[in-house]
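Read through the structure below, which is laid out as structure tokens, and then see the notes.
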Amino acid sequence: GDYATNEPTMDGTACLIYYLASLEPKGKAHFYTSDRYGAIVRGDEQKKEIALIFSAHDFGEGGTYIADALKDQEIKGSFFLTGDFYRNNSFKPLIKRLVSEGHYLGAHSDKHLLYNDWNDERTLLVSEETFKQDLRDNYAEMKKFGIEKEDAYYFLPPYEWYDEHIALWTYQEELALVNFTSGTLSHTDYTTPDMGDRYRDNKEIYQSIMFREIQNTLNGNIMLIHLGSDPSRTEKFYHELPRLITELKEKGYTFVRIDELLDMPYHAR
């Protein structure tokens, strides 16, 4: 008989878990939460720290407003931008400002690729080669602004949509995959009124954050807000930032860059 069929096979997720375990320095605990696919989705739940992250591909009209708000509040944000965004001449002054003011600047893929189908299986739509080349192209654009790969260890995938293959390939590139902490509606600030039931206005988004804070705390939260949105969304959630930051500071939260929030033991190895 052929007994080989009884041998356990290692699927992608198991491989990833073994791989991540091999990265952990011995004797050091890590204080972050990973999701089922291997992305880091929350920092230390014992610390009243929040990382505000901003992603952008084609829209960036909120950039100056956001940069001003963070400066007024004396806090640093983390900006995940596509290669196309870095290449866009109209955004170059903003990017230079963000670099000079000490924010974290990272990658959001070069061309804002959709890696996985929107189905439950998350069917893979890109090859390993396509994924890795696109990611390297994003980092090549960042280098033109003096942002080195070791300064930008954390990578936010486009559409915040991925599977365990994407996580593994990211780690093979000596980077870590991150995503926002679930439980608030901050990431729905891209929605437009023509979406009907899917549209979320500023009030609903803001309330979801405050409700989550009471219900669960926002300790270690990675909170995603978009740098811009379609012109048909006339209400821009980033205009709520001064009020949001002030209210959360009053509740005892501090705001940190993503690399400070996660502070992984093997950061920038």
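Going by the structure tokens order, chains are called A, B, ..., each with residues numbered from 1, while ligands are numbered from 1 in the order shown.
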
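With only C-alpha atoms taken into account, the protein and nucleic acid residues at most 8 Å from segment 97-100 of chain A (excluding it and anything under 5 positions from it in its own chain) are Ala67, Leu105 and Phe145 of chain A.
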
- Message: Can you pull out the residues contacting segment 205-216 of chain A? Cut-off 8 Å, using only C-alpha atoms, and skip same-chain residues under 3 positions away; I want them as a list in words.
- Response: Gly183, Thr184, Leu185, Ser186, Thr188, Asp189, Arg200, Asp201, Asn202, Glu240 and Leu244 of chain A

- Item | DSSP strand (DSSP E) selection over segment 38-166 of chain A, as a ChimeraX atom specification | /A:40-42,49-56,78-81,104-107,154-155

For segment 178-254 of chain A versus segment 57-66 of chain A, which residues have an atom no more than 10 Å away, and what is each residue's nearest atom pair and distance in Å rounded to one decimal, using only C-alpha atoms, chain-then-number order, as a tab-separated table?
```
residue	atom	partner	partner_atom	distance
A:Tyr190	CA	A:Phe59	CA	9.9
A:His226	CA	A:Gly60	CA	8.3
A:Leu227	CA	A:Gly60	CA	5.1
A:Gly228	CA	A:Gly60	CA	4.4
A:Ser229	CA	A:Phe59	CA	5.6
A:Asp230	CA	A:Phe59	CA	7.0
A:Pro231	CA	A:Phe59	CA	9.0
A:Lys236	CA	A:Gly62	CA	8.2
A:Phe237	CA	A:Gly62	CA	9.4
A:Tyr238	CA	A:Ile66	CA	6.6
A:His239	CA	A:Tyr65	CA	7.6
A:Glu240	CA	A:Ile66	CA	10.0
A:Leu241	CA	A:Ile66	CA	7.6
A:Pro242	CA	A:Ile66	CA	9.1
```

- Give me, please, the distance in Å between atom CA of Ser127 of chain A and atom CA of Tyr115 of chain A, quoted to one decimal. 8.8 Å

- Query: Got a sec: who's within 9 Å of segment 42-51 of chain A, counting only C-alpha atoms, leaving out chain neighbours fewer than 2 positions off, as an NGL selection string?
  - Reply: :A and (30-34 or 40 or 53 or 76-78 or 178-182 or 217-224 or 252-263)

- Give the alpha helix (DSSP H) residues of segment 12-194 of chain A, as assigned by DSSP on the backbone, as JSON, numbers by chain. {"A": [12, 13, 14, 15, 16, 17, 18, 19, 20, 21, 22, 23, 63, 64, 65, 66, 67, 68, 69, 70, 71, 72, 73, 83, 84, 85, 86, 87, 92, 93, 94, 95, 96, 97, 98, 99, 100, 128, 129, 130, 131, 132, 133, 134, 135, 136, 137, 138, 139, 140, 141, 142, 143, 164, 165, 166, 167, 168, 169, 170, 171, 172]}

- Query: What is the distance, in Å and to one decimal place, between atom CA of Asp134 of chain A and atom CA of Tyr104 of chain A?
  - Reply: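 Taking atom CA of Asp134 of chain A as the start and atom CA of Tyr104 of chain A as the end point, the length is 20.5 Å.
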
- Neighbours of Phe155 of chain A within 12 Å (only C-alpha atoms; same-chain residues fewer than 2 positions away dropped), as an MDAnalysis selection string? chainID A and resid 39:41 53 55 78:82 104:110 135:136 138:139 149:153 157:158 160 162 166:167 169:171 173:180 258:259

- Query: What does the distance between atom CA of Lys203 of chain A and atom CA of Glu235 of chain A come to in Å, to one decimal place?
  - Reply: 10.0 Å

- Query: In terms of the shortest atom-to-atom distance over only C-alpha atoms, which of A:His187, A:His165, A:Lys251, A:Lys71 is closest to Arg122 of chain A?
  - Reply: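 Distance minimum relative to Arg122 of chain A lands on A:His165.
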